[in-house]
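Source file: upload21.tsv (TSV, C-alpha atoms)
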```tsv
chain	number	residue	atom	x	y	z
A	1203	MET	CA	110.68	36.30	169.29
A	1204	GLU	CA	114.19	36.03	170.69
A	1205	SER	CA	116.19	33.18	169.18
A	1206	SER	CA	117.32	30.34	171.42
A	1207	THR	CA	120.67	30.35	169.64
A	1208	PRO	CA	123.29	32.33	171.55
A	1209	ILE	CA	125.78	34.69	169.99
A	1210	VAL	CA	129.33	33.39	170.15
A	1211	ALA	CA	131.86	36.14	170.84
A	1212	ILE	CA	135.54	35.33	170.36
A	1213	VAL	CA	137.74	37.95	171.99
A	1214	GLY	CA	141.30	38.47	173.11
A	1215	ALA	CA	144.48	40.32	172.29
A	1216	THR	CA	145.71	40.73	168.77
A	1217	GLY	CA	147.75	37.78	167.57
A	1218	THR	CA	145.98	35.11	169.64
A	1219	GLY	CA	144.27	33.39	166.69
A	1220	LYS	CA	140.69	34.65	167.01
A	1221	SER	CA	139.93	34.50	163.28
A	1222	GLU	CA	141.27	30.98	162.96
A	1223	LEU	CA	139.23	29.73	165.91
A	1224	ALA	CA	136.11	31.36	164.46
A	1225	LEU	CA	136.61	29.50	161.18
A	1226	ASP	CA	137.37	26.21	162.94
A	1227	LEU	CA	134.28	26.57	165.13
A	1228	ALA	CA	132.08	27.48	162.17
A	1229	GLU	CA	133.30	24.43	160.25
A	1230	SER	CA	132.72	22.22	163.29
A	1231	LEU	CA	129.12	23.41	163.54
A	1232	LEU	CA	128.59	23.11	159.80
A	1233	ALA	CA	129.82	19.50	159.86
A	1234	GLU	CA	126.82	18.72	162.08
A	1235	GLY	CA	124.33	20.58	159.93
A	1236	ARG	CA	124.31	23.95	161.72
A	1237	ALA	CA	125.32	26.99	159.74
A	1238	ALA	CA	127.44	29.73	161.26
A	1239	GLU	CA	128.44	33.18	160.03
A	1240	VAL	CA	131.16	35.56	161.20
A	1241	VAL	CA	130.60	39.21	162.15
A	1242	ASN	CA	133.74	41.34	162.26
A	1243	ALA	CA	134.44	43.36	165.42
A	1244	ASP	CA	137.84	44.76	164.44
A	1245	ALA	CA	137.46	48.49	163.79
A	1246	MET	CA	140.32	48.66	161.28
A	1247	GLN	CA	139.00	45.73	159.25
A	1248	LEU	CA	135.95	47.83	158.41
A	1249	TYR	CA	138.14	49.69	155.92
A	1250	ARG	CA	138.49	48.68	152.28
A	1251	GLY	CA	142.06	48.25	151.16
A	1252	MET	CA	143.50	48.09	154.66
A	1253	ASP	CA	144.33	44.42	154.50
A	1254	ILE	CA	147.96	43.69	155.29
A	1255	GLY	CA	148.22	45.92	158.35
A	1256	THR	CA	144.98	44.57	159.84
A	1257	ALA	CA	145.68	40.87	159.16
A	1258	LYS	CA	142.34	40.73	157.37
A	1259	LEU	CA	141.48	37.33	155.93
A	1260	ARG	CA	141.35	37.32	152.14
A	1261	PRO	CA	138.10	35.98	150.62
A	1262	ASP	CA	139.90	32.76	149.63
A	1263	GLU	CA	141.01	32.29	153.25
A	1264	ARG	CA	137.49	32.42	154.70
A	1265	ARG	CA	136.73	28.74	153.87
A	1266	GLY	CA	133.36	29.62	152.38
A	1267	ILE	CA	132.06	30.94	155.72
A	1268	PRO	CA	130.01	34.15	155.26
A	1269	HIS	CA	131.66	37.21	156.81
A	1270	HIS	CA	129.92	40.48	157.63
A	1271	LEU	CA	131.17	44.04	158.20
A	1272	LEU	CA	134.45	43.69	156.39
A	1273	ASP	CA	135.35	46.37	153.81
A	1274	VAL	CA	132.32	48.59	154.49
A	1275	LEU	CA	134.14	51.94	154.79
A	1276	GLU	CA	136.57	53.91	152.66
A	1277	PRO	CA	139.80	54.78	154.50
A	1278	ARG	CA	138.97	58.50	154.21
A	1279	GLU	CA	135.77	57.91	156.23
A	1280	GLU	CA	135.66	57.89	160.03
A	1281	ALA	CA	134.36	54.79	161.79
A	1282	SER	CA	131.59	55.29	164.33
A	1283	VAL	CA	130.94	52.89	167.19
A	1284	ALA	CA	127.28	53.94	167.24
A	1285	ALA	CA	126.88	53.17	163.52
A	1286	TYR	CA	128.79	49.93	163.94
A	1287	GLN	CA	126.55	48.83	166.82
A	1288	GLU	CA	123.45	49.29	164.67
A	1289	GLN	CA	124.94	47.48	161.68
A	1290	ALA	CA	126.41	44.60	163.69
A	1291	ARG	CA	123.21	43.98	165.62
A	1292	ALA	CA	121.21	44.02	162.39
A	1293	ALA	CA	123.61	41.48	160.87
A	1294	ILE	CA	123.36	39.27	163.96
A	1295	ASP	CA	119.57	39.39	163.93
A	1296	ASP	CA	119.57	38.45	160.23
A	1297	ILE	CA	121.88	35.51	160.94
A	1298	LEU	CA	119.68	34.32	163.80
A	1299	ASN	CA	116.57	34.65	161.65
A	1300	ARG	CA	118.22	32.35	159.11
A	1301	GLY	CA	118.71	29.77	161.87
A	1302	ALA	CA	122.48	30.15	161.89
A	1303	THR	CA	124.92	30.89	164.71
A	1304	PRO	CA	126.50	34.35	164.70
A	1305	ILE	CA	130.17	34.44	165.66
A	1306	LEU	CA	131.33	37.93	166.64
A	1307	VAL	CA	135.11	38.12	166.27
A	1308	GLY	CA	137.52	40.92	167.02
A	1309	GLY	CA	139.76	42.74	169.43
A	1310	SER	CA	138.28	46.25	169.38
A	1311	GLY	CA	136.96	46.29	172.94
A	1312	LEU	CA	134.43	49.10	172.69
A	1313	TYR	CA	133.05	47.72	169.43
A	1314	VAL	CA	132.57	44.27	170.94
A	1315	SER	CA	131.01	45.68	174.11
A	1316	SER	CA	128.65	47.94	172.17
A	1317	VAL	CA	127.14	44.87	170.52
A	1318	LEU	CA	127.05	42.44	173.41
A	1319	TYR	CA	125.87	44.70	176.21
A	1320	HIS	CA	123.07	47.19	176.69
A	1321	PHE	CA	124.47	50.56	175.76
A	1322	ARG	CA	123.02	53.83	174.51
A	1323	PHE	CA	125.49	56.31	173.15
A	1324	PRO	CA	125.52	59.79	174.66
A	1325	GLY	CA	124.47	62.57	172.32
A	1326	THR	CA	126.80	64.86	170.43
A	1327	ASP	CA	127.31	68.61	170.30
A	1328	PRO	CA	128.64	69.84	166.93
A	1329	ALA	CA	130.17	73.00	168.41
A	1330	VAL	CA	132.02	71.12	171.16
A	1331	ARG	CA	133.20	68.48	168.73
A	1332	GLU	CA	134.40	71.06	166.19
A	1333	ARG	CA	136.42	72.84	168.87
A	1334	LEU	CA	138.02	69.60	170.10
A	1335	GLU	CA	138.77	68.40	166.57
A	1336	GLY	CA	140.42	71.76	165.92
A	1337	GLU	CA	142.60	71.25	168.98
A	1338	LEU	CA	143.46	67.75	167.76
A	1339	LEU	CA	144.56	69.04	164.36
A	1340	ALA	CA	146.48	71.96	165.85
A	1341	ASN	CA	148.21	70.22	168.75
A	1342	GLY	CA	147.96	66.49	168.21
A	1343	PRO	CA	146.45	63.79	170.46
A	1344	GLY	CA	148.97	64.17	173.28
A	1345	MET	CA	147.48	67.43	174.50
A	1346	LEU	CA	143.95	66.01	174.43
A	1347	HIS	CA	145.16	62.98	176.34
A	1348	ARG	CA	146.57	65.22	179.06
A	1349	LYS	CA	143.27	67.11	179.25
A	1350	LEU	CA	141.37	63.84	179.58
A	1351	GLN	CA	143.75	62.60	182.27
A	1352	ALA	CA	142.85	65.65	184.33
A	1353	VAL	CA	139.10	64.99	184.23
A	1354	ASP	CA	138.81	61.23	183.65
A	1355	PRO	CA	142.08	59.32	184.23
A	1356	VAL	CA	140.37	55.93	183.86
A	1357	ALA	CA	139.18	56.78	180.34
A	1358	ALA	CA	142.56	58.32	179.50
A	1359	GLU	CA	144.33	55.10	180.49
A	1360	ALA	CA	141.90	52.94	178.51
A	1361	ILE	CA	142.10	55.04	175.34
A	1362	GLY	CA	145.82	55.80	175.38
A	1363	PRO	CA	147.63	58.89	174.05
A	1364	ARG	CA	147.38	58.25	170.30
A	1365	ASN	CA	143.71	57.60	169.48
A	1366	GLY	CA	142.69	61.14	168.57
A	1367	ARG	CA	139.11	60.37	167.59
A	1368	ARG	CA	138.32	58.53	170.80
A	1369	LEU	CA	140.00	61.25	172.85
A	1370	VAL	CA	137.82	63.83	171.12
A	1371	ARG	CA	134.72	61.74	171.78
A	1372	ALA	CA	135.59	61.17	175.44
A	1373	LEU	CA	136.18	64.87	176.05
A	1374	GLU	CA	132.99	65.71	174.17
A	1375	VAL	CA	130.96	63.38	176.41
A	1376	VAL	CA	132.60	64.75	179.57
A	1377	THR	CA	131.86	68.30	178.43
A	1378	ILE	CA	128.24	67.59	177.51
A	1379	THR	CA	127.27	65.35	180.44
A	1380	GLY	CA	129.58	66.56	183.20
A	1381	GLU	CA	130.27	62.90	183.95
A	1382	PRO	CA	133.31	60.70	183.30
A	1383	PHE	CA	133.36	59.10	179.86
A	1384	GLY	CA	133.55	55.73	181.62
A	1385	ALA	CA	130.09	56.33	183.05
A	1386	GLY	CA	128.75	56.04	179.51
A	1387	LEU	CA	130.51	52.79	178.67
A	1388	PRO	CA	128.48	49.63	178.18
A	1389	ASP	CA	127.03	48.02	181.30
A	1390	GLU	CA	128.85	44.70	181.15
A	1391	SER	CA	126.44	43.10	183.60
A	1392	GLU	CA	123.48	43.04	181.20
A	1393	LEU	CA	123.66	41.25	177.85
A	1394	TRP	CA	121.78	42.39	174.75
A	1395	ARG	CA	121.23	38.77	173.63
A	1396	PRO	CA	122.19	35.39	175.13
A	1397	THR	CA	125.93	35.17	174.54
A	1398	VAL	CA	128.79	32.74	174.97
A	1399	THR	CA	132.05	34.65	175.24
A	1400	ILE	CA	135.25	32.75	174.49
A	1401	GLY	CA	138.53	34.46	175.26
A	1402	LEU	CA	141.87	33.44	173.80
A	1403	ARG	CA	144.93	34.09	175.90
A	1404	SER	CA	148.61	33.40	175.45
A	1405	ASP	CA	151.76	33.28	177.51
A	1406	ARG	CA	153.11	36.85	177.55
A	1407	ALA	CA	156.57	36.00	176.22
A	1408	ALA	CA	155.15	33.84	173.44
A	1409	LEU	CA	152.63	36.53	172.50
A	1410	ILE	CA	155.29	39.25	172.31
A	1411	GLU	CA	157.40	37.06	170.06
A	1412	ARG	CA	154.40	36.36	167.85
A	1413	LEU	CA	153.41	40.03	167.66
A	1414	ASP	CA	156.92	41.17	166.76
A	1415	ALA	CA	157.11	38.55	164.03
A	1416	ARG	CA	153.68	39.57	162.78
A	1417	VAL	CA	154.66	43.22	162.45
A	1418	ALA	CA	157.89	42.35	160.64
A	1419	GLY	CA	155.86	40.11	158.34
A	1420	MET	CA	153.54	42.96	157.42
A	1421	TRP	CA	156.48	44.94	156.10
A	1422	ARG	CA	157.69	41.90	154.13
A	1423	ASP	CA	154.20	41.43	152.72
A	1424	GLY	CA	154.09	44.97	151.37
A	1425	LEU	CA	152.44	47.21	153.97
A	1426	VAL	CA	154.38	50.27	152.77
A	1427	ASP	CA	153.16	49.71	149.22
A	1428	GLU	CA	149.62	49.25	150.53
A	1429	VAL	CA	149.76	52.61	152.31
A	1430	ALA	CA	151.24	54.30	149.23
A	1431	ALA	CA	148.36	52.96	147.14
A	1432	LEU	CA	145.76	54.20	149.65
A	1433	ARG	CA	147.09	57.73	149.93
A	1434	PRO	CA	145.87	59.24	146.63
A	1435	ALA	CA	142.19	58.68	147.62
A	1436	GLY	CA	142.85	60.11	151.08
A	1437	LEU	CA	143.18	58.68	154.56
A	1438	GLY	CA	140.99	59.88	157.41
A	1439	ILE	CA	142.33	60.54	160.89
A	1440	THR	CA	141.52	57.04	162.12
A	1441	ALA	CA	143.02	55.18	159.16
A	1442	ALA	CA	146.11	57.39	158.98
A	1443	ARG	CA	146.89	56.87	162.66
A	1444	ALA	CA	146.21	53.13	162.78
A	1445	ILE	CA	149.11	51.11	164.15
A	1446	GLY	CA	151.33	50.08	161.27
A	1447	TYR	CA	149.75	52.50	158.83
A	1448	ALA	CA	151.05	55.56	160.69
A	1449	GLN	CA	154.56	54.11	160.78
A	1450	ALA	CA	154.49	53.04	157.13
A	1451	GLY	CA	153.33	56.55	156.24
A	1452	ALA	CA	156.17	58.06	158.26
A	1453	GLN	CA	158.59	55.81	156.40
A	1454	LEU	CA	157.21	56.99	153.06
A	1455	ASP	CA	157.64	60.59	154.22
A	1456	GLY	CA	161.25	59.99	155.25
A	1457	ILE	CA	160.49	60.64	158.92
A	1458	LEU	CA	161.35	57.07	159.98
A	1459	THR	CA	163.69	54.51	158.52
A	1460	GLU	CA	162.25	51.08	157.81
A	1461	SER	CA	163.80	49.59	160.94
A	1462	GLN	CA	162.53	52.49	163.06
A	1463	ALA	CA	159.04	52.15	161.57
A	1464	ILE	CA	158.93	48.42	162.29
A	1465	GLU	CA	160.19	48.85	165.86
A	1466	GLN	CA	157.71	51.63	166.60
A	1467	ALA	CA	154.81	49.63	165.16
A	1468	ALA	CA	155.86	46.58	167.17
A	1469	SER	CA	156.08	48.65	170.36
A	1470	PHE	CA	152.64	50.16	169.85
A	1471	THR	CA	151.20	46.73	168.99
A	1472	ARG	CA	152.51	45.28	172.25
A	1473	ARG	CA	151.04	48.21	174.17
A	1474	TYR	CA	147.70	47.78	172.40
A	1475	ALA	CA	147.66	44.08	173.25
A	1476	ARG	CA	148.11	44.93	176.93
A	1477	ARG	CA	145.09	47.26	176.79
A	1478	GLN	CA	143.05	44.54	175.09
A	1479	VAL	CA	143.92	42.07	177.85
A	1480	GLY	CA	142.76	44.60	180.43
A	1481	TRP	CA	139.52	45.38	178.58
A	1482	PHE	CA	138.43	41.81	177.96
A	1483	GLY	CA	139.56	40.76	181.42
A	1484	ARG	CA	136.50	42.61	182.74
A	1485	TYR	CA	134.16	40.16	180.96
A	1486	THR	CA	133.31	38.02	183.97
A	1487	ALA	CA	131.51	35.18	182.19
A	1488	THR	CA	134.26	34.54	179.64
A	1489	GLN	CA	135.47	31.01	179.00
A	1490	TRP	CA	139.23	31.49	178.63
A	1491	ILE	CA	141.14	29.11	176.39
A	1492	SER	CA	144.85	28.92	175.67
A	1493	SER	CA	145.51	30.06	172.11
A	1494	ASP	CA	147.95	27.16	171.76
A	1495	SER	CA	145.59	24.47	173.05
A	1496	PRO	CA	144.95	21.63	170.59
A	1497	GLU	CA	141.51	21.34	172.22
A	1498	ARG	CA	140.44	24.90	171.32
A	1499	VAL	CA	137.47	23.90	169.20
A	1500	ALA	CA	136.25	21.21	171.59
A	1501	LEU	CA	136.45	23.64	174.50
A	1502	ALA	CA	134.59	26.30	172.51
A	1503	ARG	CA	131.91	23.77	171.59
A	1504	ALA	CA	131.58	22.75	175.23
A	1505	ALA	CA	131.12	26.39	176.24
A	1506	LEU	CA	128.48	26.83	173.56
A	1507	ALA	CA	126.66	23.65	174.59
A	1508	SER	CA	126.51	24.82	178.20
A	1509	LYS	CA	124.58	27.93	177.07
A	1510	ALA	CA	122.20	26.17	174.70
A	1511	ARG	CA	118.62	25.76	175.81
A	1512	PRO	CA	116.98	22.35	176.19
A	1513	GLY	CA	116.24	20.83	172.82
A	1514	ASP	CA	119.30	22.29	171.06
A	1515	ASP	CA	120.89	18.87	170.78
A	1516	ASN	CA	122.88	19.81	167.71
A	1517	LEU	CA	125.01	22.12	169.85
A	1518	SER	CA	126.58	19.33	171.85
A	1519	PRO	CA	130.38	19.14	171.58
```

Exercise: express the given structure as structure tokens:
Amino acid sequence: MESSTPIVAIVGATGTGKSELALDLAESLLAEGRAAEVVNADAMQLYRGMDIGTAKLRPDERRGIPHHLLDVLEPREEASVAAYQEQARAAIDDILNRGATPILVGGSGLYVSSVLYHFRFPGTDPAVRERLEGELLANGPGMLHRKLQAVDPVAAEAIGPRNGRRLVRALEVVTITGEPFGAGLPDESELWRPTVTIGLRSDRAALIERLDARVAGMWRDGLVDEVAALRPAGLGITAARAIGYAQAGAQLDGILTESQAIEQAASFTRRYARRQVGWFGRYTATQWISSDSPERVALARAALASKARPGDDNLSP
């Protein structure tokens, strides 16, 4: 039987305080006797040891709130949206079966959408994928991005020119199906489970300032040392090209100076934030809240109460 408790999804650009709001909301519910658990929807936080560059909360920062799908992959492994969808939905169902509220938190748009909306992943063709991955290794993601622009400019814009794995996947789907990759994206008009989506947004100038400070702070906190420690066990394509990690690696290799690495990472982070704003802006039923609002939790509780079914009195704000 489907639970009457809705999923709470907290989305928005990086640096808007999604993790903090999730913890505050969980504590607010817990104070009234309703448990809540967090499910990670940040693709890079799936990786063990990738902590500083992903702003992953340490166990002692999680306030005793259970968190799921953190540190489930080695950096040498490649994340899969299809595998993530299955694991995240299983975690959410387990949380609901325990009578708790699942809070899905993250800024990886496709990962969030794959959980919230009805979506079946197109099949794969090993020969096509092997050829495309060979092109990626030989020529880099820029060439694949140009190929995708020629056949599916919408997908090319959404993915960007640096995400090699997603470019390979998009071109694979286009080759197999003969349809744009976007045609296989989640149908954002049909939810998998009842959901309350809360979006955090920030003034652009304030967000840029916060993001730049965040990137500089990662270098102060030891991101370069973190990357150096991860390298001996191997970094897969996704981990090695993650924003921050790629630049720290280039600094270790003498390709970039520290100041160049920080500036490049900050530039790519700002660009990524713009893509996140565009992606989550398509979620029509989202309750948008200012990331700086002192009423964030109350507004989130009000949104949750509006979705609750009759009899769920303990969801009132």

### Query
Counting all atoms listed in the file, which of A:Pro1268, A:Gly1309, A:Gly1336, A:Pro1208 gets nearest to Arg1403 (chain A)?
A:Gly1309

### Message
Here is a test: counting all atoms listed in the file, which residue of A:Leu1413, A:Pro1363, A:Leu1272, A:Gly1255 is nearest to Ala1450 (chain A)?
### Response
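Nearest to Ala1450 (chain A): A:Gly1255.
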
Cut-off 10 Å: closest region 1269-1366 of chain A/region 1481-1502 of chain A atom pairs per residue, using all atoms listed in the file, as JSON lines:
```
{"residue": "A:Gly1309", "atom": "CA", "partner": "A:Phe1482", "partner_atom": "CA", "distance": 8.7}
{"residue": "A:Ser1310", "atom": "CA", "partner": "A:Trp1481", "partner_atom": "CA", "distance": 9.3}
{"residue": "A:Gly1311", "atom": "CA", "partner": "A:Trp1481", "partner_atom": "CA", "distance": 6.3}
{"residue": "A:Leu1312", "atom": "CA", "partner": "A:Trp1481", "partner_atom": "CA", "distance": 8.6}
{"residue": "A:Val1314", "atom": "CA", "partner": "A:Phe1482", "partner_atom": "CA", "distance": 9.5}
{"residue": "A:Ser1315", "atom": "CA", "partner": "A:Phe1482", "partner_atom": "CA", "distance": 9.2}
{"residue": "A:Ala1360", "atom": "CA", "partner": "A:Trp1481", "partner_atom": "CA", "distance": 7.9}
```

### Query
Which one is closest to Asp1414 (chain A): A:Val1274, A:Ala1467, A:Ala1285, A:Met1252? Count only C-alpha atoms.
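When distances to Asp1414 (chain A) are compared using only C-alpha atoms, the smallest one comes from A:Ala1467.
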
### Task
Using only C-alpha atoms, pick whichever of A:Leu1409, A:Val1398, A:Ala1415, A:Ala1211 has the shortest atom-to-atom distance to Gly1308 (chain A).
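Of the candidates, the smallest distance to Gly1308 (chain A) is held by A:Ala1211.
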
#### Entry: Exercise: Leu1369 (chain A) partners within 10 Å, only C-alpha atoms, chain neighbours under 4 positions left out, as number ranges by chain
A: 1334-1335, 1338, 1343-1350, 1357-1358, 1361-1365, 1373-1375, 1383

#### Entry: Separation of CA of Arg1260 (chain A) from CA of Gln1287 (chain A), in Å and rounded to one decimal
23.8 Å

### Query
How many Å lie between CA of Arg1473 (chain A) and CA of Val1317 (chain A), rounded to one decimal?
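Going from CA of Arg1473 (chain A) over to CA of Val1317 (chain A), I get 24.4 Å.
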
### Query
From the set A:Gln1351, A:Asn1341, A:Thr1379, A:Gln1462, which residue has the shortest atom-to-atom contact distance to Gly1366 (chain A), counting all atoms listed in the file?
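Of all the options, A:Asn1341 lies closest to Gly1366 (chain A).
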
### Query
What is the CA of Ala1430 (chain A)-CA of Ala1418 (chain A) distance in Å, reported with one decimal?
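Going from CA of Ala1430 (chain A) over to CA of Ala1418 (chain A), I get 17.8 Å.
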
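Here the question is which of A:Arg1250, A:Arg1331, A:Arg1371, A:Lys1220 gets nearest to Val1283 (chain A) using all atoms listed in the file, and that residue is A:Arg1371.
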
### Query
Could you pull the residues within 12 Å of Asp1295 (chain A), counting all atoms listed in the file, minus those fewer than 2 positions along the same chain, as a ChimeraX atom specification?
/A:1203-1209,1239,1241,1288-1293,1297-1305,1317,1394-1395

Model the absent atoms of region 1262-1282 of chain A so that N, CA and C atoms are present, and write the result as a PDB file, keeping the file's coordinate frame.
```pdb
ATOM      1  N   ASP A1262     139.565  34.171 149.840  1.00  0.00           N
ATOM      2  CA  ASP A1262     139.900  32.760 149.630  1.00  0.00           C
ATOM      3  C   ASP A1262     140.388  32.081 150.900  1.00  0.00           C
ATOM      4  N   GLU A1263     140.588  32.865 151.980  1.00  0.00           N
ATOM      5  CA  GLU A1263     141.010  32.290 153.250  1.00  0.00           C
ATOM      6  C   GLU A1263     139.841  32.087 154.214  1.00  0.00           C
ATOM      7  N   ARG A1264     138.640  32.451 153.796  1.00  0.00           N
ATOM      8  CA  ARG A1264     137.490  32.420 154.700  1.00  0.00           C
ATOM      9  C   ARG A1264     136.728  31.097 154.662  1.00  0.00           C
ATOM     10  N   ARG A1265     137.235  30.131 153.897  1.00  0.00           N
ATOM     11  CA  ARG A1265     136.730  28.740 153.870  1.00  0.00           C
ATOM     12  C   ARG A1265     135.243  28.668 153.511  1.00  0.00           C
ATOM     13  N   GLY A1266     134.762  29.643 152.776  1.00  0.00           N
ATOM     14  CA  GLY A1266     133.360  29.620 152.380  1.00  0.00           C
ATOM     15  C   GLY A1266     132.397  30.059 153.468  1.00  0.00           C
ATOM     16  N   ILE A1267     132.911  30.474 154.620  1.00  0.00           N
ATOM     17  CA  ILE A1267     132.060  30.940 155.720  1.00  0.00           C
ATOM     18  C   ILE A1267     131.682  32.396 155.457  1.00  0.00           C
ATOM     19  N   PRO A1268     130.396  32.741 155.466  1.00  0.00           N
ATOM     20  CA  PRO A1268     130.010  34.150 155.260  1.00  0.00           C
ATOM     21  C   PRO A1268     130.587  35.053 156.333  1.00  0.00           C
ATOM     22  N   HIS A1269     131.117  36.193 155.898  1.00  0.00           N
ATOM     23  CA  HIS A1269     131.660  37.210 156.810  1.00  0.00           C
ATOM     24  C   HIS A1269     130.918  38.522 156.593  1.00  0.00           C
ATOM     25  N   HIS A1270     130.667  39.218 157.681  1.00  0.00           N
ATOM     26  CA  HIS A1270     129.920  40.480 157.630  1.00  0.00           C
ATOM     27  C   HIS A1270     130.761  41.610 158.222  1.00  0.00           C
ATOM     28  N   LEU A1271     130.544  42.811 157.717  1.00  0.00           N
ATOM     29  CA  LEU A1271     131.170  44.040 158.200  1.00  0.00           C
ATOM     30  C   LEU A1271     132.687  44.045 158.006  1.00  0.00           C
ATOM     31  N   LEU A1272     133.105  43.490 156.885  1.00  0.00           N
ATOM     32  CA  LEU A1272     134.450  43.690 156.390  1.00  0.00           C
ATOM     33  C   LEU A1272     134.353  44.590 155.155  1.00  0.00           C
ATOM     34  N   ASP A1273     135.290  45.532 155.018  1.00  0.00           N
ATOM     35  CA  ASP A1273     135.350  46.370 153.810  1.00  0.00           C
ATOM     36  C   ASP A1273     134.063  47.163 153.581  1.00  0.00           C
ATOM     37  N   VAL A1274     133.573  47.820 154.616  1.00  0.00           N
ATOM     38  CA  VAL A1274     132.320  48.590 154.490  1.00  0.00           C
ATOM     39  C   VAL A1274     132.565  50.098 154.519  1.00  0.00           C
ATOM     40  N   LEU A1275     133.810  50.521 154.743  1.00  0.00           N
ATOM     41  CA  LEU A1275     134.140  51.940 154.790  1.00  0.00           C
ATOM     42  C   LEU A1275     135.340  52.229 153.900  1.00  0.00           C
ATOM     43  N   GLU A1276     135.366  53.438 153.335  1.00  0.00           N
ATOM     44  CA  GLU A1276     136.570  53.910 152.660  1.00  0.00           C
ATOM     45  C   GLU A1276     137.536  54.442 153.713  1.00  0.00           C
ATOM     46  N   PRO A1277     138.839  54.305 153.499  1.00  0.00           N
ATOM     47  CA  PRO A1277     139.800  54.780 154.500  1.00  0.00           C
ATOM     48  C   PRO A1277     139.681  56.269 154.826  1.00  0.00           C
ATOM     49  N   ARG A1278     139.128  57.063 153.918  1.00  0.00           N
ATOM     50  CA  ARG A1278     138.970  58.500 154.210  1.00  0.00           C
ATOM     51  C   ARG A1278     137.793  58.760 155.153  1.00  0.00           C
ATOM     52  N   GLU A1279     136.916  57.759 155.354  1.00  0.00           N
ATOM     53  CA  GLU A1279     135.770  57.910 156.230  1.00  0.00           C
ATOM     54  C   GLU A1279     136.174  57.611 157.673  1.00  0.00           C
ATOM     55  N   GLU A1280     135.383  58.133 158.619  1.00  0.00           N
ATOM     56  CA  GLU A1280     135.660  57.890 160.030  1.00  0.00           C
ATOM     57  C   GLU A1280     134.675  56.855 160.577  1.00  0.00           C
ATOM     58  N   ALA A1281     135.207  55.821 161.195  1.00  0.00           N
ATOM     59  CA  ALA A1281     134.360  54.790 161.790  1.00  0.00           C
ATOM     60  C   ALA A1281     133.617  55.359 162.991  1.00  0.00           C
ATOM     61  N   SER A1282     132.420  54.865 163.208  1.00  0.00           N
ATOM     62  CA  SER A1282     131.590  55.290 164.330  1.00  0.00           C
ATOM     63  C   SER A1282     131.125  54.061 165.099  1.00  0.00           C
TER      64      SER A1282
END
```
